[in-house]
Each structure stands twice: as C-alpha cells, then as structure tokens.
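Below is model-v8.cif, which holds mmCIF, C-alpha atoms.
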```cif
data_upload
loop_
_atom_site.label_atom_id
_atom_site.label_comp_id
_atom_site.auth_asym_id
_atom_site.auth_seq_id
_atom_site.Cartn_x
_atom_site.Cartn_y
_atom_site.Cartn_z
CA MET A 1 29.49 -14.97 -9.30
CA ASP A 2 29.17 -16.93 -12.54
CA ILE A 3 28.67 -14.30 -15.25
CA LYS A 4 27.15 -16.77 -17.71
CA PHE A 5 24.65 -17.92 -15.10
CA TRP A 6 23.86 -14.30 -14.22
CA LEU A 7 23.22 -13.45 -17.88
CA ARG A 8 20.80 -16.36 -18.31
CA ASP A 9 18.24 -14.56 -16.19
CA LYS A 10 16.09 -12.43 -18.49
CA LYS A 11 15.55 -9.88 -15.73
CA ASN A 12 19.29 -9.24 -15.60
CA LEU A 13 19.37 -8.78 -19.36
CA VAL A 14 16.56 -6.24 -19.08
CA PHE A 15 18.55 -4.43 -16.40
CA LEU A 16 21.63 -4.32 -18.64
CA ALA A 17 19.54 -2.86 -21.45
CA LEU A 18 18.19 -0.27 -19.02
CA VAL A 19 21.70 0.67 -17.89
CA LEU A 20 22.82 1.05 -21.50
CA ALA A 21 19.84 3.35 -22.12
CA LEU A 22 20.75 5.41 -19.04
CA LEU A 23 24.31 5.79 -20.29
CA THR A 24 23.04 7.53 -23.43
CA MET A 25 20.91 10.06 -21.56
CA PRO A 26 23.58 12.81 -21.27
CA PHE A 27 23.54 13.04 -25.07
CA VAL A 28 19.78 13.61 -25.34
CA LEU A 29 18.69 15.40 -22.14
CA THR A 30 19.18 18.96 -20.99
CA LEU A 31 21.28 19.56 -17.89
CA PHE A 32 18.16 20.16 -15.81
CA ARG A 33 16.54 16.88 -16.93
CA LEU A 34 19.80 15.01 -16.43
CA THR A 35 19.95 16.27 -12.85
CA LEU A 36 16.41 15.03 -12.28
CA LEU A 37 17.29 11.65 -13.73
CA GLY A 38 20.32 11.52 -11.45
CA LYS A 39 17.97 11.91 -8.47
CA PHE A 40 15.73 9.16 -9.86
CA ILE A 41 18.72 6.83 -10.13
CA CYS A 42 19.44 7.47 -6.45
CA TYR A 43 15.82 6.57 -5.73
CA ALA A 44 16.26 3.36 -7.75
CA ILE A 45 19.20 2.42 -5.51
CA VAL A 46 16.98 3.02 -2.48
CA ALA A 47 14.30 0.82 -4.05
CA LEU A 48 16.80 -2.04 -4.32
CA GLY A 49 17.44 -1.76 -0.58
CA ILE A 50 13.69 -1.74 0.12
CA ASP A 51 13.20 -4.78 -2.11
CA LEU A 52 15.79 -6.73 -0.14
CA ILE A 53 13.92 -6.34 3.13
CA TRP A 54 10.32 -6.21 1.89
CA GLY A 55 10.26 -8.17 -1.35
CA TYR A 56 12.60 -10.97 -0.27
CA THR A 57 12.39 -10.96 3.54
CA GLY A 58 8.89 -9.68 4.22
CA ILE A 59 9.91 -6.74 6.42
CA LEU A 60 7.74 -3.74 5.59
CA SER A 61 9.65 -0.67 6.72
CA LEU A 62 7.78 2.63 6.59
CA GLY A 63 10.64 4.64 8.04
CA HIS A 64 13.50 4.04 5.63
CA GLY A 65 13.65 7.76 4.91
CA VAL A 66 15.61 8.04 8.18
CA PHE A 67 18.54 6.09 6.72
CA PHE A 68 18.34 8.08 3.51
CA GLY A 69 18.40 11.30 5.53
CA LEU A 70 21.30 10.24 7.76
CA GLY A 71 23.48 9.47 4.75
CA ALA A 72 22.41 12.70 3.09
CA TYR A 73 23.01 14.86 6.16
CA ALA A 74 26.46 13.31 6.69
CA MET A 75 27.45 14.31 3.17
CA ALA A 76 25.75 17.72 3.43
CA MET A 77 27.55 18.58 6.66
CA HIS A 78 30.92 18.05 5.00
CA LEU A 79 29.92 20.01 1.89
CA LYS A 80 28.61 22.87 4.03
CA LEU A 81 31.80 23.12 6.07
CA VAL A 82 33.88 23.18 2.89
CA ALA A 83 31.63 25.89 1.39
CA SER A 84 31.72 27.99 4.58
CA GLY A 85 35.49 27.86 4.94
CA SER A 86 36.55 29.43 8.20
CA SER A 87 33.16 31.05 8.73
CA LEU A 88 30.28 29.61 10.71
CA PRO A 89 27.37 28.29 8.55
CA GLU A 90 24.71 31.00 8.29
CA PHE A 91 21.91 28.96 9.91
CA MET A 92 24.10 28.50 12.99
CA VAL A 93 24.67 32.25 13.22
CA THR A 94 20.93 32.81 12.87
CA GLY A 95 20.32 30.19 15.56
CA GLY A 96 22.56 32.07 18.01
CA LEU A 97 25.66 29.87 17.92
CA THR A 98 29.06 31.51 18.16
CA GLN A 99 31.25 28.49 17.43
CA LEU A 100 31.04 25.24 15.52
CA PRO A 101 29.42 22.44 17.57
CA ALA A 102 31.79 19.64 18.56
CA PHE A 103 29.92 16.92 16.63
CA TRP A 104 30.21 18.98 13.43
CA LYS A 105 34.01 19.32 13.54
CA PRO A 106 34.93 15.77 12.35
CA PHE A 107 32.81 16.28 9.22
CA ALA A 108 35.37 18.77 7.92
CA SER A 109 37.31 15.65 6.91
CA ALA A 110 36.06 14.04 3.69
CA PRO A 111 37.13 10.48 4.73
CA PHE A 112 35.24 10.82 8.00
CA ALA A 113 32.14 12.09 6.18
CA PHE A 114 32.26 9.18 3.72
CA PHE A 115 32.67 6.79 6.66
CA ALA A 116 29.72 8.40 8.46
CA VAL A 117 27.51 7.96 5.36
CA ILE A 118 27.82 4.21 5.95
CA ALA A 119 28.31 4.06 9.72
CA LEU A 120 25.37 6.19 10.87
CA PRO A 121 22.63 4.23 9.02
CA LEU A 122 24.38 0.97 9.94
CA LEU A 123 24.52 1.72 13.66
CA LEU A 124 20.90 2.86 13.80
CA ALA A 125 19.71 -0.16 11.81
CA LEU A 126 21.75 -2.48 14.04
CA VAL A 127 20.22 -1.06 17.22
CA VAL A 128 16.66 -0.98 15.87
CA GLY A 129 16.91 -4.32 14.08
CA PHE A 130 18.50 -6.24 16.94
CA SER A 131 16.13 -4.87 19.59
CA THR A 132 12.98 -5.47 17.55
CA PHE A 133 13.68 -8.71 15.68
CA LYS A 134 15.19 -10.37 18.76
CA ASN A 135 11.90 -9.70 20.54
CA ARG A 136 9.96 -11.18 17.58
CA ILE A 137 8.36 -7.84 16.67
CA LYS A 138 7.21 -8.17 13.08
CA GLY A 139 4.46 -7.42 10.61
CA VAL A 140 2.32 -4.35 11.15
CA TYR A 141 3.87 -3.75 14.57
CA PHE A 142 7.31 -3.26 13.04
CA SER A 143 5.83 -1.02 10.35
CA ILE A 144 4.26 1.21 13.00
CA LEU A 145 7.51 1.28 14.97
CA SER A 146 9.46 2.32 11.86
CA GLN A 147 6.94 5.12 11.25
CA ALA A 148 7.41 6.32 14.84
CA LEU A 149 11.17 6.32 14.28
CA ALA A 150 10.78 8.53 11.21
CA TRP A 151 8.46 10.90 13.06
CA ALA A 152 10.91 11.17 15.96
CA PHE A 153 13.87 11.98 13.72
CA VAL A 154 11.92 14.60 11.77
CA THR A 155 10.91 16.24 15.04
CA ILE A 156 14.53 16.28 16.26
CA PHE A 157 15.98 17.65 13.02
CA VAL A 158 13.32 20.38 12.75
CA GLY A 159 13.58 21.34 16.41
CA MET A 160 17.38 21.61 16.46
CA GLN A 161 17.43 24.42 13.92
CA ALA A 162 20.73 25.90 15.07
CA TYR A 163 22.47 22.56 14.51
CA THR A 164 20.64 21.07 11.50
CA GLY A 165 19.16 24.03 9.65
CA GLY A 166 15.66 23.17 10.88
CA SER A 167 12.89 22.79 8.33
CA ASN A 168 15.00 24.63 5.73
CA GLY A 169 17.70 22.00 5.94
CA ILE A 170 21.28 22.44 4.72
CA THR A 171 22.11 23.98 1.35
CA GLY A 172 24.68 26.19 -0.38
CA PHE A 173 27.19 23.57 -1.53
CA THR A 174 29.95 24.35 -4.01
CA THR A 175 32.67 21.69 -4.16
CA LEU A 176 33.40 18.06 -3.30
CA LEU A 177 37.08 17.10 -3.07
CA GLY A 178 37.89 20.27 -5.00
CA ILE A 179 35.45 19.43 -7.81
CA GLN A 180 32.95 22.15 -8.73
CA LEU A 181 29.50 20.60 -8.39
CA GLN A 182 27.81 23.16 -10.63
CA ASN A 183 30.17 22.59 -13.56
CA PRO A 184 28.20 20.89 -16.40
CA MET A 185 30.99 18.42 -17.21
CA ASN A 186 31.37 17.48 -13.57
CA LEU A 187 27.63 16.98 -13.34
CA VAL A 188 27.75 14.55 -16.25
CA SER A 189 30.59 12.69 -14.53
CA LEU A 190 28.53 12.59 -11.35
CA TYR A 191 25.61 11.18 -13.33
CA TYR A 192 27.77 8.37 -14.66
CA LEU A 193 28.96 7.72 -11.11
CA ALA A 194 25.32 7.31 -10.03
CA VAL A 195 24.66 4.88 -12.90
CA ALA A 196 27.77 2.88 -11.95
CA LEU A 197 26.60 2.79 -8.33
CA LEU A 198 23.18 1.55 -9.44
CA PHE A 199 24.82 -1.19 -11.50
CA LEU A 200 27.11 -2.30 -8.66
CA THR A 201 24.24 -2.29 -6.16
CA TYR A 202 22.07 -4.40 -8.46
CA VAL A 203 24.90 -6.89 -9.05
CA PHE A 204 25.55 -7.10 -5.31
CA CYS A 205 21.85 -7.68 -4.56
CA THR A 206 21.52 -10.41 -7.20
CA TRP A 207 24.69 -12.06 -5.91
CA LEU A 208 23.43 -11.91 -2.31
CA MET A 209 20.06 -13.40 -3.17
CA SER A 210 21.67 -16.18 -5.22
CA ARG A 211 23.59 -17.38 -2.17
CA GLY A 212 22.32 -19.58 0.62
CA ILE A 213 21.41 -16.56 2.72
CA GLY A 214 19.03 -15.44 -0.01
CA LYS A 215 17.12 -18.71 0.21
CA ILE A 216 16.95 -18.37 3.99
CA LEU A 217 15.57 -14.83 3.70
CA ILE A 218 12.88 -16.02 1.30
CA ALA A 219 12.06 -18.85 3.71
CA ILE A 220 11.68 -16.29 6.51
CA ARG A 221 9.32 -14.29 4.32
CA ASP A 222 7.18 -17.29 3.43
CA GLY A 223 7.14 -18.87 6.88
CA GLU A 224 9.26 -17.39 9.64
CA ASN A 225 8.07 -19.78 12.34
CA ARG A 226 8.92 -22.83 10.25
CA THR A 227 12.34 -21.36 9.46
CA TYR A 228 12.94 -20.69 13.13
CA PHE A 229 12.01 -24.20 14.20
CA THR A 230 14.31 -25.74 11.58
CA GLY A 231 17.27 -24.29 13.45
CA TYR A 232 17.80 -20.85 11.88
CA ASP A 233 17.83 -17.78 14.13
CA SER A 234 15.64 -15.60 11.93
CA SER A 235 16.34 -12.49 14.01
CA ARG A 236 20.02 -12.54 13.01
CA TYR A 237 19.26 -12.86 9.32
CA LYS A 238 16.61 -10.13 9.49
CA THR A 239 18.97 -7.79 11.37
CA PHE A 240 21.71 -8.48 8.83
CA ILE A 241 19.58 -7.71 5.76
CA TYR A 242 18.03 -4.71 7.52
CA CYS A 243 21.54 -3.29 8.07
CA ILE A 244 22.53 -3.98 4.45
CA SER A 245 19.38 -2.20 3.26
CA ALA A 246 20.13 0.77 5.55
CA ILE A 247 23.68 1.08 4.18
CA ILE A 248 22.44 1.01 0.58
CA THR A 249 19.83 3.66 1.40
CA GLY A 250 22.35 5.87 3.22
CA ILE A 251 24.79 5.80 0.29
CA ALA A 252 21.97 6.69 -2.09
CA GLY A 253 21.07 9.63 0.16
CA ALA A 254 24.65 10.91 0.09
CA VAL A 255 24.77 10.82 -3.73
CA TYR A 256 21.31 12.42 -3.90
CA VAL A 257 22.63 15.49 -2.07
CA LEU A 258 25.18 16.06 -4.83
CA PHE A 259 22.36 16.30 -7.38
CA ALA A 260 19.79 18.12 -5.27
CA GLY A 261 22.19 20.64 -3.73
CA MET A 262 20.31 20.46 -0.41
CA ILE A 263 18.81 18.18 2.20
CA SER A 264 15.92 18.87 4.58
CA PRO A 265 13.86 16.90 7.13
CA LYS A 266 11.30 16.34 4.36
CA GLU A 267 13.49 13.48 3.10
CA LEU A 268 13.25 11.80 6.51
CA ASP A 269 9.51 11.93 7.00
CA ILE A 270 6.91 9.18 6.79
CA ALA A 271 5.43 10.33 3.47
CA PHE A 272 8.74 9.91 1.67
CA SER A 273 9.26 6.50 3.27
CA VAL A 274 5.83 5.38 2.06
CA GLU A 275 6.73 6.58 -1.45
CA MET A 276 9.75 4.26 -1.37
CA VAL A 277 7.45 1.31 -0.72
CA ILE A 278 5.16 2.39 -3.56
CA TRP A 279 8.09 2.39 -6.02
CA VAL A 280 8.78 -1.25 -5.22
CA ALA A 281 5.10 -2.22 -5.21
CA VAL A 282 4.49 -0.67 -8.63
CA GLY A 283 7.55 -2.28 -10.21
CA GLY A 284 7.13 -5.65 -8.55
CA ARG A 285 8.62 -6.67 -5.22
CA GLY A 286 10.94 -9.61 -4.97
CA THR A 287 12.36 -9.05 -8.46
CA LEU A 288 15.03 -6.30 -8.06
CA ILE A 289 14.53 -5.17 -11.67
CA GLY A 290 10.95 -4.29 -10.72
CA ALA A 291 12.22 -2.06 -7.93
CA VAL A 292 14.48 -0.18 -10.33
CA ILE A 293 11.78 0.22 -12.99
CA GLY A 294 9.19 1.23 -10.40
CA ALA A 295 11.40 3.94 -8.90
CA LEU A 296 12.30 5.44 -12.28
CA LEU A 297 8.76 5.22 -13.67
CA VAL A 298 6.88 6.55 -10.64
CA ASN A 299 9.22 9.50 -10.19
CA ALA A 300 9.10 10.32 -13.90
CA MET A 301 5.29 10.32 -13.64
CA LYS A 302 5.50 12.44 -10.49
CA THR A 303 7.58 15.04 -12.30
CA GLY A 304 5.28 15.08 -15.32
CA ILE A 305 2.09 15.38 -13.29
CA SER A 306 3.55 17.93 -10.87
CA GLU A 307 4.61 20.16 -13.75
CA THR A 308 1.10 20.18 -15.24
CA VAL A 309 -1.30 19.77 -12.30
CA PRO A 310 0.75 20.13 -9.09
CA ASP A 311 -2.17 19.62 -6.72
CA MET A 312 -3.14 16.26 -8.22
CA TRP A 313 0.04 14.31 -7.54
CA LEU A 314 -0.82 13.12 -4.01
CA TYR A 315 -4.25 11.94 -5.16
CA PHE A 316 -2.66 10.16 -8.10
CA ILE A 317 -0.03 8.36 -6.04
CA GLY A 318 -2.71 7.21 -3.59
CA LEU A 319 -4.91 5.92 -6.40
CA LEU A 320 -1.92 4.24 -8.04
CA PHE A 321 -1.06 2.37 -4.86
CA VAL A 322 -4.65 1.19 -4.41
CA LEU A 323 -4.82 -0.04 -8.01
CA VAL A 324 -1.53 -1.90 -7.68
CA VAL A 325 -2.61 -3.61 -4.46
CA LEU A 326 -6.00 -4.63 -5.89
CA PHE A 327 -5.18 -5.50 -9.49
CA MET A 328 -1.38 -5.87 -9.75
CA PRO A 329 -0.16 -7.45 -6.50
CA LYS A 330 3.05 -8.55 -8.25
CA GLY A 331 3.59 -5.17 -9.92
CA LEU A 332 4.46 -4.44 -13.53
CA VAL A 333 7.02 -7.24 -13.71
CA GLY A 334 4.41 -9.70 -12.49
CA VAL A 335 1.93 -8.52 -15.12
CA ILE A 336 4.53 -8.86 -17.90
CA GLU A 337 5.56 -12.34 -16.70
CA SER A 338 1.93 -13.45 -16.55
CA PHE A 339 1.27 -12.14 -20.06
CA CYS A 340 4.36 -13.87 -21.45
CA ALA A 341 3.40 -17.14 -19.76
CA LYS A 342 -0.08 -17.03 -21.32
CA ALA A 343 1.16 -15.97 -24.73
CA ALA A 344 4.04 -18.46 -25.00
CA PRO A 345 1.95 -21.59 -25.88
CA HIS A 346 0.21 -19.72 -28.73
CA LEU A 347 3.37 -18.35 -30.34
CA PRO A 348 4.66 -20.14 -33.48
CA ALA A 349 7.81 -22.20 -33.15
CA VAL A 350 10.81 -20.16 -34.23
CA SER A 351 14.29 -21.46 -34.81
CA LEU A 352 16.55 -19.50 -32.48
CA PRO A 353 20.26 -19.70 -31.75
CA PHE A 354 21.63 -22.00 -29.05
CA GLY A 355 18.77 -24.45 -29.45
CA PHE A 356 16.02 -22.31 -27.90
CA GLY A 357 13.67 -22.85 -30.83
CA LYS A 358 14.10 -26.62 -30.76
CA LYS A 359 13.34 -26.84 -27.06
CA THR A 360 10.18 -24.77 -27.44
CA ALA A 361 8.96 -26.81 -30.37
CA GLY A 362 9.63 -30.02 -28.46
CA LYS A 363 7.53 -28.83 -25.54
CA ARG A 364 4.65 -27.87 -27.81
CA LYS A 365 4.78 -31.25 -29.53
CA GLY A 366 4.48 -32.97 -26.18
CA ILE A 367 1.51 -30.82 -25.25
CA ALA A 368 -0.20 -31.49 -28.55
CA SER A 369 0.18 -35.24 -28.22
#
```
Show me, as structure tokens, the structure contained in the file I just sent.
Amino acid sequence: MDIKFWLRDKKNLVFLALVLALLTMPFVLTLFRLTLLGKFICYAIVALGIDLIWGYTGILSLGHGVFFGLGAYAMAMHLKLVASGSSLPEFMVTGGLTQLPAFWKPFASAPFAFFAVIALPLLLALVVGFSTFKNRIKGVYFSILSQALAWAFVTIFVGMQAYTGGSNGITGFTTLLGIQLQNPMNLVSLYYLAVALLFLTYVFCTWLMSRGIGKILIAIRDGENRTYFTGYDSSRYKTFIYCISAIITGIAGAVYVLFAGMISPKELDIAFSVEMVIWVAVGGRGTLIGAVIGALLVNAMKTGISETVPDMWLYFIGLLFVLVVLFMPKGLVGVIESFCAKAAPHLPAVSLPFGFGKKTAGKRKGIAS
C-alpha cells in the first residue's frame, strides 16, 4: 500500500490523530478507566468488521455477537485451564462432571487456543455465509436468520452449564503465557497491544477496500443484481468478506476477555449484536473511521449514563438509533463532511503549504466568474 496515497485521505489522518491520543491515555487515566477504554478499543475493532459487511457490502448482520463470543470463549477456556491447573474448573464440578470434557483438553495449549480464536468464527461464517448467500438470501431475511443464529447459540451456551459455565460464563483468570493479567504494568502493555491491533485492523481494512475487491463489494451493495449479471459471483465475494469480518470480530472478542476477566452468553445475544450495528450507524457506515469513532463514543456515553442513571441507558440507546436513522443517515462523519462541504465556499482563501491555498483560490475565482 502506498503510504503517501494513504495519508492523503483526511479520514486516515483523523484516525492517526485518534491513535496518538489513545497512546497517551495510560498517563492520564486511572487503571479502572484504562481497562474500560481497553474494552472500548476491542469494540472499535468489532465495529470495523461490521462496517466491512454492512457499510461497504450492504449485509446487515444482527448476530455478530456469536463470532465475538466464540473468539472470547476460545481464549477464556485456555485461561481457565491454566488458572485451574490440575483441578477441574469449579463450574464443571458443580455441574456434576468428574473429568475434563474431551473438547476442552486441546485448549490447554496456548497455540491451539490462539488458532481456535480465528478458526471457530471462520468456520461458522463460512458455513452460514456459503449456505445463505449461495441461495441468494439477503436483506431483512439474512438479518432475521443471523438473529436466530445468535438466539440458538445463547440457548446452547446457557443450557450446557456444566461445559460452558451457563449464564454465569467463565471467569477466574490469572495468567496468559505466564504473564500476570492483574499486574498494572502488564495491563498497560495489554492496552498498547489493543491499540496496535486496532491500528493494524484499520490499515488492513483500508488496504482491502482500496483494492479491486473493495470496488466489487461496493458494487454489490449498490446493485447486487447488476453486479451479478456483469459476470461476478456476488455470493463468493459476500462469503469472503463475511468470513473476514467474523475473524476480526473473533480476535476482538479474545482480547476483550483479557480486559474483562470473564465471558458470558450475554456477549453472544441479539441485544449486543444490535449494539454493534448502532456503533457503526452513529459514527457513519462505509467510512471505517466512523465505525471507530462511533464505537468509542457510544460506549463512553453508555458508561457515563449507566453510572448516573442506570435504568435510562436502554431508552437512550433506542432514542439515539432512531435519531440517527431519521436525521443522520450517514452518521457523525456524514454530518461533518456535509458541514465542511457547505462551509468551504465561504471560507477566505488561505495560502497553505504544498499549493493547497492556490488550488482553492483558483476554484473560487472560477466560481465567481
């Protein structure tokens, strides 16, 4: 990817400024607030994955919490086995088990757990994506199907309490690769790891959308039938980007567990999946930077409101979504772009480096004449 070309996009410059601001947060926030921000960064990574399929491809998934949960549970299972040592996890003992289930045993290996974080969401997305997109299931029908998938997984994870911890989930983690997770310095290092992962994910997404496949995905969003009849098998492209989004979401879920110290079926349910969509809608879908800003902003507002009036958050998030749909269909980024476009002709000509001022003045002179 051409770095100079990448830096010409103002949205990328805004993202770099945001990353630089995030890098300074350990110096100004308490450990508790830094942990919260670490979770929000994981949510921002999820939002990038949602933006790929919804903002650029037009696939509205309302069950992406499943991929987040699969990645999170894969990491949590490894952490729990390490914390338990030779003993059986307590929720298994409570559930009546006398020995470790066979499918748990491979997760004692860190490499296998890291592989599963990627493989489990990928395999599920491949099966669901191929079977639905190949049969031309799209629009609201796919959204309903994704909701049903989330509901089914929540039911399974809650019902299999002896194997998954049930509604309480899995908790009680201590170390990862010998690193103490509760150590303040290690937590700061983990925070920087999350920021680095956000940066790499954003760069990957911008690179992907700048390629030919990105243009095809946008064409599918704007007119799938026309894209199909021009010779492109839209189902393959949709399955591919759906799998990429699932992998991104699963990795974010795995990192989230390190900050949260637990995972439960609540992270797999429909409500959480809908929240993911709201993050992207508020920030501005189809922009990537909007997804990041939306995830950070909405969750910061959620924390602030929940700490003052806990019962009002659900009403607020519902009202926020309605307002965005009615008055800000392009999100905050769209509003800012529209404002800048309207304000630009009325701004005085300013001499800027690299010839920007001259070009602007030339345009205004042409308009005036």
Just want the 6 Å neighbourhood of range 219-228 of chain A, counted on only C-alpha atoms, with same-chain residues fewer than 4 positions away dropped. Output as a PyMOL selection string. chain A and resi 57-58+232-234
Check your understanding: Expressed in Å to a single decimal, how great is the separation between CA of Asn12 in chain A and CA of Thr303 in chain A?
Key ->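 Pair CA of Asn12 in chain A / CA of Thr303 in chain A returns 27.2 Å.
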Can you build me a table of range 169-199 of chain A residues sitting at most 12 Å from range 249-254 of chain A, with the closest atom pair per residue and its distance in Å to one decimal, using all atoms listed in the file, sorted by chain and residue number, as a Markdown table?
```
| residue | atom | partner | partner_atom | distance |
| --- | --- | --- | --- | --- |
| A:Leu176 | CA | A:Ala254 | CA | 11.8 |
| A:Leu193 | CA | A:Ala252 | CA | 11.5 |
| A:Ala194 | CA | A:Ala252 | CA | 8.6 |
| A:Val195 | CA | A:Ala252 | CA | 11.3 |
| A:Leu197 | CA | A:Ala252 | CA | 8.7 |
| A:Leu198 | CA | A:Ala252 | CA | 9.1 |
```
Around (20.5, 10.4, -11.4) in the file's frame, which residues reach within 8 Å when counting only C-alpha atoms? Return as a count of residues only? 14
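Neighbouring residues of Ile248 in chain A at 9 Å or closer, counting all atoms listed in the file and skipping chain neighbours under 5 positions away, are Ile45, Val46, Leu48, Gly49, Phe67, Phe68, Ile118, Thr201, Cys243 and Gly253 of chain A.
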request  = Find the residues near Gly63 in chain A: any atom within 9 Å, counting all atoms listed in the file, skip ones fewer than 6 places away on the same chain, and give them as a list in words.
outcome  = Ser143, Ile144, Leu145, Ser146, Gln147, Ala148, Leu149, Ala150, Trp151, Leu268, Asp269, Ile270, Ala271, Phe272, Ser273 and Val274 of chain A
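CA of Pro89 in chain A sits 9.9 Å away from CA of Met77 in chain A.
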Quick check on the file I pasted: which residues fall under the PyMOL selection byres ((chain A and resi 214) around 12)? Write them as a PyMOL selection string. chain A and resi 52-53+55-57+204-213+215-221+237-238+240-241+286
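Environment of (28.1, 11.8, 12.3): residues at most 9 Å away, judged by all atoms listed in the file, are Leu70, Tyr73, Ala74, Met77, Phe103, Trp104, Pro106, Phe107, Phe112, Ala113, Phe115, Ala116, Val117, Ala119 and Leu120 of chain A.
Take the candidates A:Leu314, A:Val19, A:Ile179, A:Ile247 and check each one against Gly71 in chain A using only C-alpha atoms; the shortest distance goes to A:Ile247.
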- Query: Quick one: residues within 10 Å of Ala162 in chain A, all atoms listed in the file counted, chain neighbours fewer than 3 positions away excluded, as a list of chain:residue names?
  - Reply: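 Returned residues: A:Pro89, A:Glu90, A:Phe91, A:Met92, A:Val93, A:Thr94, A:Gly95, A:Gly96, A:Leu97, A:Pro101, A:Phe157, A:Val158, A:Gly159, A:Gly165, A:Gly166.
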Margin query: Need to verify the contact set: range 128-139 of chain A, 8 Å, only C-alpha atoms, exclusion of same-chain residues closer than 4 positions in sequence. Can you return it as number ranges by chain?
Written below: A: 59-60, 124, 143, 235-236, 238-239, 242-243
Just to be explicit: take each residue in the selection above, keep C-alpha atoms, and write the result as an mmCIF file, in the frame of the given file.
```
data_model
loop_
_atom_site.group_PDB
_atom_site.id
_atom_site.type_symbol
_atom_site.label_atom_id
_atom_site.label_comp_id
_atom_site.auth_asym_id
_atom_site.auth_seq_id
_atom_site.Cartn_x
_atom_site.Cartn_y
_atom_site.Cartn_z
ATOM 1 C CA ILE A 59 9.910 -6.740 6.420
ATOM 2 C CA LEU A 60 7.740 -3.740 5.590
ATOM 3 C CA LEU A 124 20.900 2.860 13.800
ATOM 4 C CA SER A 143 5.830 -1.020 10.350
ATOM 5 C CA SER A 235 16.340 -12.490 14.010
ATOM 6 C CA ARG A 236 20.020 -12.540 13.010
ATOM 7 C CA LYS A 238 16.610 -10.130 9.490
ATOM 8 C CA THR A 239 18.970 -7.790 11.370
ATOM 9 C CA TYR A 242 18.030 -4.710 7.520
ATOM 10 C CA CYS A 243 21.540 -3.290 8.070
#
```
- Message: To one decimal place in Å, what is the distance between CA of Val280 in chain A and CA of Phe32 in chain A?
- Response: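 According to the coordinates, CA of Val280 in chain A and CA of Phe32 in chain A are separated by 25.7 Å.
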query = Using only C-alpha atoms, which residue out of A:Ser87, A:Gly65, A:Glu337, A:Asn183 lies closest to Ala152 in chain A?
reply =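 Closest candidate: A:Gly65.
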To verify the selection step, state as a ChimeraX atom specification which residues the PyMOL selection byres ((chain A and resi 285) around 9) yields on this input. /A:50-52,54-56,280-284,286-291,329-331,333-334
Put the listed atoms of range 22-26 of chain A in a box along x, y and z with 4 Å added on every side and give me the centre and edge lengths in Å to one decimal, as lines of an AutoDock Vina configuration file.
```
center_x = 22.5
center_y = 9.1
center_z = -21.2
size_x = 11.6
size_y = 15.4
size_z = 12.4
```
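Using all atoms listed in the file, the shortest contact distance between Leu62 in chain A and any of A:Leu187, A:Leu13, A:Ile278, A:Leu122 is found at A:Ile278.
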Carefully work through the PyMOL selection byres ((chain A and resi 16) around 12) for this structure and note down the residues it includes, as a count of residues only. 25
